[in-house]
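Colleague: Starting off with a structure, shown below.
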Amino acid sequence: MDNGVILSGKALSDKIKAGLKERLADFPERYGRVPHLAVILVGDDPASQTYVRGKEKACELVGIRNSTFRLPAETTQEELLSRIASLNADPEVDGILVQLPLPEGIDEAAIIESIDKEKDVDGFHPLNVAGLWMKRPCTVACTPKGILRLLDEAGVELKGKRAVVIGRSQIVGLPTAKLLLDRHATVTICHSRTKDLGAVTREAEVLVVAIGRPRFVTGDMVSEGVVVIDVGVNRDPSTGKLCGDVDFDSVAPKASVITPVPGGVGPMTIACLLENTVEAFLRKKSAL
């Protein structure tokens, strides 16, 4: 790749976290305390444990108070709802995050809906989702928010651009498409049943890939100069190494900007979670 830019989410995340640390330095004096994030982890899923440890370290780094509640896999839905209710009622807790996925037998939608909208730092609560689509004040989901921050960091002008999002999940694909629309991009959402997907993706000037299939997008599916944001985190079936939804080696030579995996979108998700926690704290303080 001669002219393309590899867009490091890690570098931007480090910059955001340094800014937050500086910003939080006088919070104890100004507000009497720092923001407080409560994380609930149910069961012993290895990937979830890794994500939660990453969140704990990030909180410690910037100066956000963190409480992690590790609950056994046998925890019932009622017990989990009770724990969330107590955190909702605690005035010292500003953000609540329930690590997904949850064990079988627990209704994820019911759990997400039970979190106080103002403490929902993941941006998954139905009222936050509705706020995004209705252009009302809301907490934006961390990964889509991080994607837009990366595009801004790269100086990508979105107005009038043809943007294609592969993936239609509530967590990434749909909110990312809405954020791109709000920046005046012309957005196409594709998915596993899209016919002749390559014909659509070759039209893209900005391509966001969140389909959950290793190396799914290949060089013949993109045009020269495309901006590529790879949201996927997969294990390469042949090497066992981490890889994205984009075949980096064949796509990168054509891309003007591309995110790597690892080190691209992933670090931004945590940085935006920290930002959302600080914003939730400040909203509460301004409402008092």
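Naming scheme: A, B, ... for chains in displayed order of the structure tokens; residues 1 onward per chain; ligands 1 onward as shown.
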Report as JSON lines: every residue of stretch 161-275 of chain A with an atom at most 12 Å from stretch 7-24 of chain A, its closest pair of atoms, and their distance in Å to one decimal, counting only C-alpha atoms, with rows sorted by chain and ascending residue number.
Modeller:
{"residue": "A:Val227", "atom": "CA", "partner": "A:Leu7", "partner_atom": "CA", "distance": 10.0}
{"residue": "A:Val228", "atom": "CA", "partner": "A:Leu7", "partner_atom": "CA", "distance": 9.5}
{"residue": "A:Ile229", "atom": "CA", "partner": "A:Leu7", "partner_atom": "CA", "distance": 8.9}
{"residue": "A:Asp230", "atom": "CA", "partner": "A:Leu7", "partner_atom": "CA", "distance": 10.6}
{"residue": "A:Val231", "atom": "CA", "partner": "A:Gly9", "partner_atom": "CA", "distance": 11.1}
{"residue": "A:Ala252", "atom": "CA", "partner": "A:Leu7", "partner_atom": "CA", "distance": 11.2}
{"residue": "A:Ala255", "atom": "CA", "partner": "A:Leu7", "partner_atom": "CA", "distance": 11.1}
{"residue": "A:Ser256", "atom": "CA", "partner": "A:Leu7", "partner_atom": "CA", "distance": 10.0}
{"residue": "A:Val257", "atom": "CA", "partner": "A:Leu7", "partner_atom": "CA", "distance": 6.5}
{"residue": "A:Ile258", "atom": "CA", "partner": "A:Leu7", "partner_atom": "CA", "distance": 5.8}
{"residue": "A:Thr259", "atom": "CA", "partner": "A:Leu7", "partner_atom": "CA", "distance": 4.9}
{"residue": "A:Pro260", "atom": "CA", "partner": "A:Ser8", "partner_atom": "CA", "distance": 7.0}
{"residue": "A:Val261", "atom": "CA", "partner": "A:Ser8", "partner_atom": "CA", "distance": 9.5}
{"residue": "A:Pro262", "atom": "CA", "partner": "A:Gly9", "partner_atom": "CA", "distance": 9.0}
{"residue": "A:Gly263", "atom": "CA", "partner": "A:Lys10", "partner_atom": "CA", "distance": 5.3}
{"residue": "A:Gly264", "atom": "CA", "partner": "A:Gly9", "partner_atom": "CA", "distance": 4.1}
{"residue": "A:Val265", "atom": "CA", "partner": "A:Gly9", "partner_atom": "CA", "distance": 5.5}
{"residue": "A:Gly266", "atom": "CA", "partner": "A:Gly9", "partner_atom": "CA", "distance": 7.2}
{"residue": "A:Pro267", "atom": "CA", "partner": "A:Lys10", "partner_atom": "CA", "distance": 5.4}
{"residue": "A:Met268", "atom": "CA", "partner": "A:Ser13", "partner_atom": "CA", "distance": 5.3}
{"residue": "A:Thr269", "atom": "CA", "partner": "A:Ser13", "partner_atom": "CA", "distance": 8.6}
{"residue": "A:Ile270", "atom": "CA", "partner": "A:Ser13", "partner_atom": "CA", "distance": 8.0}
{"residue": "A:Ala271", "atom": "CA", "partner": "A:Ser13", "partner_atom": "CA", "distance": 5.5}
{"residue": "A:Cys272", "atom": "CA", "partner": "A:Ser13", "partner_atom": "CA", "distance": 8.4}
{"residue": "A:Leu273", "atom": "CA", "partner": "A:Lys17", "partner_atom": "CA", "distance": 10.6}
{"residue": "A:Leu274", "atom": "CA", "partner": "A:Lys17", "partner_atom": "CA", "distance": 8.0}
{"residue": "A:Glu275", "atom": "CA", "partner": "A:Leu20", "partner_atom": "CA", "distance": 7.5}
Colleague: For A:Lys254, find every residue with an atom within 12 Å (counting only C-alpha atoms), except residues of its own chain fewer than 2 positions away, and show them as an NGL selection string.
Modeller: :A and (1-6 or 202 or 205 or 218-228 or 247-252 or 256-258)
Colleague: Using only C-alpha atoms, which residues sit within 9 Å of A:His36 once same-chain residues fewer than 4 positions away are excluded, as a list in words?
Modeller: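 Using only C-alpha atoms, the neighbours found are Ile64, Arg65, Asn66, Ser67, Glu92, Val93, Asp94, Gly95, Ile96, Thr277, Val278 and Phe281 of chain A.
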Colleague: For the selection you just gave me, I'd like the residues written to a file as an mmCIF file, in the first residue's frame, keeping all heavy atoms.
Modeller:
data_model
loop_
_atom_site.group_PDB
_atom_site.id
_atom_site.type_symbol
_atom_site.label_atom_id
_atom_site.label_comp_id
_atom_site.auth_asym_id
_atom_site.auth_seq_id
_atom_site.Cartn_x
_atom_site.Cartn_y
_atom_site.Cartn_z
ATOM 1 N N ILE A 64 -11.598 6.937 36.247
ATOM 2 C CA ILE A 64 -13.016 6.646 36.479
ATOM 3 C C ILE A 64 -13.095 5.517 37.509
ATOM 4 O O ILE A 64 -12.374 4.526 37.409
ATOM 5 C CB ILE A 64 -13.709 6.228 35.162
ATOM 6 C CG1 ILE A 64 -13.865 7.447 34.245
ATOM 7 C CG2 ILE A 64 -15.077 5.588 35.432
ATOM 8 C CD1 ILE A 64 -14.411 7.118 32.869
ATOM 9 N N ARG A 65 -13.973 5.668 38.484
ATOM 10 C CA ARG A 65 -14.174 4.593 39.461
ATOM 11 C C ARG A 65 -14.897 3.441 38.779
ATOM 12 O O ARG A 65 -15.867 3.660 38.037
ATOM 13 C CB ARG A 65 -14.997 5.119 40.643
ATOM 14 C CG ARG A 65 -15.257 4.077 41.718
ATOM 15 C CD ARG A 65 -16.143 4.663 42.813
ATOM 16 N NE ARG A 65 -16.657 3.604 43.686
ATOM 17 C CZ ARG A 65 -17.678 3.763 44.510
ATOM 18 N NH1 ARG A 65 -18.302 4.936 44.572
ATOM 19 N NH2 ARG A 65 -18.085 2.770 45.265
ATOM 20 N N ASN A 66 -14.445 2.225 39.025
ATOM 21 C CA ASN A 66 -15.055 1.051 38.403
ATOM 22 C C ASN A 66 -15.420 0.020 39.459
ATOM 23 O O ASN A 66 -14.626 -0.279 40.346
ATOM 24 C CB ASN A 66 -14.092 0.431 37.377
ATOM 25 C CG ASN A 66 -14.566 -0.919 36.862
ATOM 26 O OD1 ASN A 66 -14.064 -1.961 37.276
ATOM 27 N ND2 ASN A 66 -15.542 -0.908 35.986
ATOM 28 N N SER A 67 -16.637 -0.503 39.358
ATOM 29 C CA SER A 67 -17.047 -1.645 40.183
ATOM 30 C C SER A 67 -17.483 -2.747 39.238
ATOM 31 O O SER A 67 -18.366 -2.531 38.400
ATOM 32 C CB SER A 67 -18.227 -1.276 41.092
ATOM 33 O OG SER A 67 -17.865 -0.216 41.955
ATOM 34 N N GLU A 92 -24.615 7.118 43.505
ATOM 35 C CA GLU A 92 -23.160 7.185 43.278
ATOM 36 C C GLU A 92 -22.737 6.426 42.009
ATOM 37 O O GLU A 92 -21.565 6.423 41.661
ATOM 38 C CB GLU A 92 -22.420 6.592 44.482
ATOM 39 C CG GLU A 92 -22.640 7.357 45.776
ATOM 40 C CD GLU A 92 -21.896 8.687 45.794
ATOM 41 O OE1 GLU A 92 -20.665 8.689 45.655
ATOM 42 O OE2 GLU A 92 -22.574 9.730 45.935
ATOM 43 N N VAL A 93 -23.684 5.758 41.370
ATOM 44 C CA VAL A 93 -23.382 5.032 40.126
ATOM 45 C C VAL A 93 -23.890 5.844 38.937
ATOM 46 O O VAL A 93 -25.069 6.204 38.877
ATOM 47 C CB VAL A 93 -24.033 3.625 40.130
ATOM 48 C CG1 VAL A 93 -23.880 2.951 38.760
ATOM 49 C CG2 VAL A 93 -23.416 2.756 41.210
ATOM 50 N N ASP A 94 -22.994 6.144 37.997
ATOM 51 C CA ASP A 94 -23.357 6.971 36.842
ATOM 52 C C ASP A 94 -23.616 6.161 35.579
ATOM 53 O O ASP A 94 -24.421 6.545 34.733
ATOM 54 C CB ASP A 94 -22.239 7.978 36.566
ATOM 55 C CG ASP A 94 -21.907 8.793 37.797
ATOM 56 O OD1 ASP A 94 -22.785 9.551 38.247
ATOM 57 O OD2 ASP A 94 -20.789 8.632 38.338
ATOM 58 N N GLY A 95 -22.894 5.054 35.428
ATOM 59 C CA GLY A 95 -23.048 4.225 34.242
ATOM 60 C C GLY A 95 -23.170 2.764 34.620
ATOM 61 O O GLY A 95 -22.497 2.292 35.538
ATOM 62 N N ILE A 96 -24.046 2.035 33.913
ATOM 63 C CA ILE A 96 -24.215 0.596 34.137
ATOM 64 C C ILE A 96 -24.024 -0.111 32.804
ATOM 65 O O ILE A 96 -24.614 0.267 31.788
ATOM 66 C CB ILE A 96 -25.622 0.267 34.686
ATOM 67 C CG1 ILE A 96 -25.867 0.998 36.013
ATOM 68 C CG2 ILE A 96 -25.798 -1.234 34.857
ATOM 69 C CD1 ILE A 96 -27.310 0.924 36.496
ATOM 70 N N THR A 277 -19.567 7.462 29.899
ATOM 71 C CA THR A 277 -19.684 7.442 31.355
ATOM 72 C C THR A 277 -19.489 8.847 31.936
ATOM 73 O O THR A 277 -20.241 9.282 32.816
ATOM 74 C CB THR A 277 -18.659 6.465 31.968
ATOM 75 O OG1 THR A 277 -18.857 5.162 31.408
ATOM 76 C CG2 THR A 277 -18.783 6.383 33.479
ATOM 77 N N VAL A 278 -18.497 9.555 31.426
ATOM 78 C CA VAL A 278 -18.258 10.935 31.882
ATOM 79 C C VAL A 278 -19.443 11.825 31.521
ATOM 80 O O VAL A 278 -19.899 12.649 32.324
ATOM 81 C CB VAL A 278 -16.938 11.478 31.286
ATOM 82 C CG1 VAL A 278 -16.758 12.962 31.625
ATOM 83 C CG2 VAL A 278 -15.750 10.667 31.798
ATOM 84 N N PHE A 281 -22.333 11.216 33.874
ATOM 85 C CA PHE A 281 -22.030 11.877 35.155
ATOM 86 C C PHE A 281 -22.361 13.378 35.072
ATOM 87 O O PHE A 281 -23.031 13.928 35.944
ATOM 88 C CB PHE A 281 -20.548 11.666 35.473
ATOM 89 C CG PHE A 281 -20.043 12.440 36.667
ATOM 90 C CD1 PHE A 281 -20.102 11.906 37.937
ATOM 91 C CD2 PHE A 281 -19.469 13.691 36.495
ATOM 92 C CE1 PHE A 281 -19.626 12.621 39.034
ATOM 93 C CE2 PHE A 281 -18.958 14.408 37.577
ATOM 94 C CZ PHE A 281 -19.061 13.867 38.854
#
Colleague: Determine which residues of stretch 69-151 of chain A receive a DSSP assignment of helix (DSSP H, G or I), computed from the backbone, and state them as a PyMOL selection string.
Modeller: chain A and resi 77-89+108-114+117-119+126-133+142-151
Colleague: I'd like the contact shell of stretch 86-89 of chain A - 12 Å cut-off, only C-alpha atoms, skipping same-chain residues fewer than 2 positions apart - returned as a CSV table (one decimal) with all heavy atoms, in the first residue's frame.
Modeller:
chain,number,residue,atom,x,y,z
A,36,HIS,N,-18.5,7.1,38.0
A,36,HIS,CA,-18.5,5.7,38.5
A,36,HIS,C,-19.2,4.8,37.5
A,36,HIS,O,-20.4,5.0,37.3
A,36,HIS,CB,-19.2,5.6,39.9
A,36,HIS,CG,-19.2,4.3,40.5
A,36,HIS,ND1,-19.9,4.0,41.7
A,36,HIS,CD2,-18.6,3.1,40.2
A,36,HIS,CE1,-19.7,2.7,42.0
A,36,HIS,NE2,-18.9,2.2,41.1
A,37,LEU,N,-18.5,3.8,37.0
A,37,LEU,CA,-19.0,2.8,36.1
A,37,LEU,C,-19.2,1.5,36.8
A,37,LEU,O,-18.2,1.0,37.3
A,37,LEU,CB,-18.1,2.7,34.9
A,37,LEU,CG,-18.5,1.6,33.9
A,37,LEU,CD1,-19.8,1.8,33.2
A,37,LEU,CD2,-17.4,1.4,32.8
A,38,ALA,N,-20.4,0.9,36.7
A,38,ALA,CA,-20.6,-0.4,37.3
A,38,ALA,C,-20.8,-1.4,36.1
A,38,ALA,O,-21.6,-1.2,35.2
A,38,ALA,CB,-21.9,-0.4,38.1
A,39,VAL,N,-20.0,-2.5,36.1
A,39,VAL,CA,-20.0,-3.5,35.1
A,39,VAL,C,-20.5,-4.8,35.7
A,39,VAL,O,-20.0,-5.2,36.8
A,39,VAL,CB,-18.6,-3.7,34.5
A,39,VAL,CG1,-18.6,-4.8,33.4
A,39,VAL,CG2,-18.1,-2.4,33.8
A,40,ILE,N,-21.4,-5.5,35.0
A,40,ILE,CA,-21.9,-6.8,35.5
A,40,ILE,C,-21.5,-7.8,34.5
A,40,ILE,O,-21.8,-7.7,33.3
A,40,ILE,CB,-23.4,-6.8,35.6
A,40,ILE,CG1,-23.9,-5.7,36.6
A,40,ILE,CG2,-23.9,-8.2,36.1
A,40,ILE,CD1,-25.4,-5.6,36.8
A,67,SER,N,-16.6,-0.5,39.4
A,67,SER,CA,-17.0,-1.6,40.2
A,67,SER,C,-17.5,-2.7,39.2
A,67,SER,O,-18.4,-2.5,38.4
A,67,SER,CB,-18.2,-1.3,41.1
A,67,SER,OG,-17.9,-0.2,42.0
A,68,THR,N,-16.9,-3.9,39.3
A,68,THR,CA,-17.2,-5.0,38.5
A,68,THR,C,-17.9,-6.1,39.3
A,68,THR,O,-17.3,-6.5,40.4
A,68,THR,CB,-16.0,-5.6,37.7
A,68,THR,OG1,-15.5,-4.6,36.9
A,68,THR,CG2,-16.4,-6.8,36.9
A,69,PHE,N,-19.1,-6.5,39.0
A,69,PHE,CA,-19.8,-7.6,39.7
A,69,PHE,C,-19.8,-8.8,38.8
A,69,PHE,O,-20.4,-8.9,37.8
A,69,PHE,CB,-21.3,-7.1,39.9
A,69,PHE,CG,-21.4,-5.8,40.7
A,69,PHE,CD1,-21.4,-4.6,40.1
A,69,PHE,CD2,-21.4,-5.9,42.1
A,69,PHE,CE1,-21.5,-3.4,40.8
A,69,PHE,CE2,-21.5,-4.7,42.8
A,69,PHE,CZ,-21.5,-3.5,42.2
A,79,GLU,N,-32.5,-12.5,39.7
A,79,GLU,CA,-31.4,-12.0,40.5
A,79,GLU,C,-30.6,-10.9,39.8
A,79,GLU,O,-30.2,-9.9,40.4
A,79,GLU,CB,-30.4,-13.2,40.8
A,79,GLU,CG,-31.0,-14.2,41.8
A,79,GLU,CD,-30.2,-15.5,41.8
A,79,GLU,OE1,-29.5,-15.8,40.9
A,79,GLU,OE2,-30.3,-16.1,42.9
A,80,LEU,N,-30.5,-11.0,38.4
A,80,LEU,CA,-29.8,-10.0,37.7
A,80,LEU,C,-30.6,-8.7,37.6
A,80,LEU,O,-30.0,-7.6,37.8
A,80,LEU,CB,-29.5,-10.6,36.2
A,80,LEU,CG,-28.8,-9.6,35.3
A,80,LEU,CD1,-27.5,-9.1,35.9
A,80,LEU,CD2,-28.5,-10.4,34.0
A,81,LEU,N,-31.9,-8.8,37.4
A,81,LEU,CA,-32.8,-7.7,37.4
A,81,LEU,C,-32.7,-6.9,38.8
A,81,LEU,O,-32.7,-5.7,38.8
A,81,LEU,CB,-34.2,-8.0,37.1
A,81,LEU,CG,-34.5,-8.4,35.7
A,81,LEU,CD1,-35.9,-9.0,35.5
A,81,LEU,CD2,-34.3,-7.2,34.7
A,82,SER,N,-32.6,-7.7,39.9
A,82,SER,CA,-32.6,-7.1,41.2
A,82,SER,C,-31.2,-6.4,41.4
A,82,SER,O,-31.2,-5.3,42.0
A,82,SER,CB,-32.7,-8.2,42.2
A,82,SER,OG,-32.4,-7.7,43.5
A,83,ARG,N,-30.1,-6.9,40.9
A,83,ARG,CA,-28.8,-6.3,41.0
A,83,ARG,C,-28.9,-4.9,40.2
A,83,ARG,O,-28.4,-3.9,40.6
A,83,ARG,CB,-27.8,-7.2,40.4
A,83,ARG,CG,-26.4,-6.6,40.3
A,83,ARG,CD,-25.8,-6.4,41.7
A,83,ARG,NE,-25.7,-7.6,42.4
A,83,ARG,CZ,-24.6,-8.0,43.1
A,83,ARG,NH1,-23.6,-7.2,43.2
A,83,ARG,NH2,-24.6,-9.2,43.8
A,84,ILE,N,-29.5,-5.0,39.0
A,84,ILE,CA,-29.6,-3.8,38.2
A,84,ILE,C,-30.4,-2.7,38.9
A,84,ILE,O,-30.1,-1.5,38.9
A,84,ILE,CB,-30.1,-4.1,36.8
A,84,ILE,CG1,-29.1,-4.9,36.0
A,84,ILE,CG2,-30.4,-2.8,36.0
A,84,ILE,CD1,-29.6,-5.6,34.7
A,91,PRO,N,-27.3,6.6,43.8
A,91,PRO,CA,-26.9,7.9,43.2
A,91,PRO,C,-25.4,8.0,42.9
A,91,PRO,O,-25.0,8.9,42.2
A,91,PRO,CB,-27.3,8.9,44.3
A,91,PRO,CG,-27.4,8.1,45.6
A,91,PRO,CD,-27.7,6.7,45.2
A,92,GLU,N,-24.6,7.1,43.5
A,92,GLU,CA,-23.2,7.2,43.3
A,92,GLU,C,-22.7,6.4,42.0
A,92,GLU,O,-21.6,6.4,41.7
A,92,GLU,CB,-22.4,6.6,44.5
A,92,GLU,CG,-22.6,7.4,45.8
A,92,GLU,CD,-21.9,8.7,45.8
A,92,GLU,OE1,-20.7,8.7,45.7
A,92,GLU,OE2,-22.6,9.7,45.9
A,93,VAL,N,-23.7,5.8,41.4
A,93,VAL,CA,-23.4,5.0,40.1
A,93,VAL,C,-23.9,5.8,38.9
A,93,VAL,O,-25.1,6.2,38.9
A,93,VAL,CB,-24.0,3.6,40.1
A,93,VAL,CG1,-23.9,3.0,38.8
A,93,VAL,CG2,-23.4,2.8,41.2
A,94,ASP,N,-23.0,6.1,38.0
A,94,ASP,CA,-23.4,7.0,36.8
A,94,ASP,C,-23.6,6.2,35.6
A,94,ASP,O,-24.4,6.5,34.7
A,94,ASP,CB,-22.2,8.0,36.6
A,94,ASP,CG,-21.9,8.8,37.8
A,94,ASP,OD1,-22.8,9.6,38.2
A,94,ASP,OD2,-20.8,8.6,38.3
A,95,GLY,N,-22.9,5.1,35.4
A,95,GLY,CA,-23.0,4.2,34.2
A,95,GLY,C,-23.2,2.8,34.6
A,95,GLY,O,-22.5,2.3,35.5
A,96,ILE,N,-24.0,2.0,33.9
A,96,ILE,CA,-24.2,0.6,34.1
A,96,ILE,C,-24.0,-0.1,32.8
A,96,ILE,O,-24.6,0.3,31.8
A,96,ILE,CB,-25.6,0.3,34.7
A,96,ILE,CG1,-25.9,1.0,36.0
A,96,ILE,CG2,-25.8,-1.2,34.9
A,96,ILE,CD1,-27.3,0.9,36.5
A,97,LEU,N,-23.2,-1.1,32.8
A,97,LEU,CA,-22.9,-1.9,31.6
A,97,LEU,C,-23.1,-3.4,32.0
A,97,LEU,O,-22.5,-3.9,32.9
A,97,LEU,CB,-21.5,-1.6,31.1
A,97,LEU,CG,-21.1,-2.3,29.8
A,97,LEU,CD1,-20.1,-1.5,29.1
A,97,LEU,CD2,-20.5,-3.7,30.1
A,98,VAL,N,-24.0,-4.1,31.3
A,98,VAL,CA,-24.1,-5.6,31.4
A,98,VAL,C,-23.4,-6.2,30.2
A,98,VAL,O,-23.7,-6.0,29.1
A,98,VAL,CB,-25.5,-6.0,31.5
A,98,VAL,CG1,-25.6,-7.5,31.6
A,98,VAL,CG2,-26.3,-5.4,32.6
A,113,GLU,N,-33.4,-3.3,28.8
A,113,GLU,CA,-34.5,-2.4,29.0
A,113,GLU,C,-34.6,-2.0,30.5
A,113,GLU,O,-35.1,-0.9,30.9
A,113,GLU,CB,-35.8,-3.0,28.6
A,113,GLU,CG,-36.9,-2.0,28.3
A,113,GLU,CD,-38.1,-2.5,27.5
A,113,GLU,OE1,-37.8,-3.5,26.7
A,113,GLU,OE2,-39.2,-2.0,27.6
A,114,SER,N,-34.1,-2.9,31.4
A,114,SER,CA,-34.2,-2.6,32.8
A,114,SER,C,-33.2,-1.6,33.3
A,114,SER,O,-33.4,-1.0,34.4
A,114,SER,CB,-34.1,-3.9,33.6
A,114,SER,OG,-32.7,-4.3,33.7
A,115,ILE,N,-32.2,-1.3,32.5
A,115,ILE,CA,-31.2,-0.3,32.9
A,115,ILE,C,-31.7,1.1,32.8
A,115,ILE,O,-32.4,1.4,31.7
A,115,ILE,CB,-29.9,-0.5,32.1
A,115,ILE,CG1,-29.3,-1.9,32.3
A,115,ILE,CG2,-28.9,0.6,32.4
A,115,ILE,CD1,-28.2,-2.2,31.3
A,116,ASP,N,-31.5,1.9,33.8
A,116,ASP,CA,-32.0,3.3,33.7
A,116,ASP,C,-31.4,4.0,32.4
A,116,ASP,O,-30.2,3.9,32.1
A,116,ASP,CB,-31.4,4.1,34.9
A,116,ASP,CG,-31.9,5.5,35.0
A,116,ASP,OD1,-32.1,6.1,33.9
A,116,ASP,OD2,-31.9,6.1,36.1
A,117,LYS,N,-32.2,4.6,31.6
A,117,LYS,CA,-31.8,5.1,30.3
A,117,LYS,C,-30.6,6.1,30.5
A,117,LYS,O,-29.7,6.1,29.7
A,117,LYS,CB,-33.0,5.9,29.7
A,117,LYS,CG,-32.6,6.8,28.5
A,117,LYS,CD,-33.7,7.7,28.0
A,117,LYS,CE,-33.3,8.6,26.9
A,117,LYS,NZ,-32.6,9.8,27.3
A,118,GLU,N,-30.6,6.8,31.6
A,118,GLU,CA,-29.6,7.8,31.8
A,118,GLU,C,-28.3,7.2,32.2
A,118,GLU,O,-27.2,7.8,32.2
A,118,GLU,CB,-30.0,8.8,32.9
A,118,GLU,CG,-31.2,9.7,32.5
A,118,GLU,CD,-30.9,10.5,31.2
A,118,GLU,OE1,-29.8,11.0,31.0
A,118,GLU,OE2,-31.8,10.7,30.4
A,119,LYS,N,-28.4,5.9,32.7
A,119,LYS,CA,-27.1,5.2,33.1
A,119,LYS,C,-26.7,4.2,32.1
A,119,LYS,O,-25.7,3.5,32.3
A,119,LYS,CB,-27.4,4.5,34.5
A,119,LYS,CG,-27.6,5.5,35.6
A,119,LYS,CD,-27.7,4.8,37.0
A,119,LYS,CE,-28.0,5.8,38.1
A,119,LYS,NZ,-27.8,5.2,39.4
A,120,ASP,N,-27.4,4.1,31.0
A,120,ASP,CA,-27.1,3.2,29.9
A,120,ASP,C,-26.0,3.7,29.0
A,120,ASP,O,-26.2,4.3,28.0
A,120,ASP,CB,-28.4,2.9,29.0
A,120,ASP,CG,-28.1,2.3,27.7
A,120,ASP,OD1,-27.2,1.4,27.7
A,120,ASP,OD2,-28.7,2.7,26.7
Colleague: Within 7 Å of stretch 123-126 of chain A, counting only C-alpha atoms, which residues qualify if same-chain residues fewer than 4 places away don't, as a list in words?
Modeller: Ile112, Glu113, Lys117, Ala130, Thr139, Val140 and Ala141 of chain A
Colleague: List every residue of stretch 37-231 of chain A that DSSP, applied to the backbone of this structure, assigns to strand (DSSP E), and report them as a PyMOL selection string.
Modeller: chain A and resi 37-42+65-71+95-98+162-166+186-190+206-209+227-230
Colleague: Could you work out how far atom CA of A:Lys178 lies from atom CA of A:Trp133, giving the answer in Å with one decimal?
Modeller: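 For atom CA of A:Trp133 relative to atom CA of A:Lys178, the distance reads 6.9 Å.
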Colleague: Just the number, please: distance in Å from atom CA of A:Val233 to atom CA of A:Leu151, one decimal.
Modeller: 19.1 Å
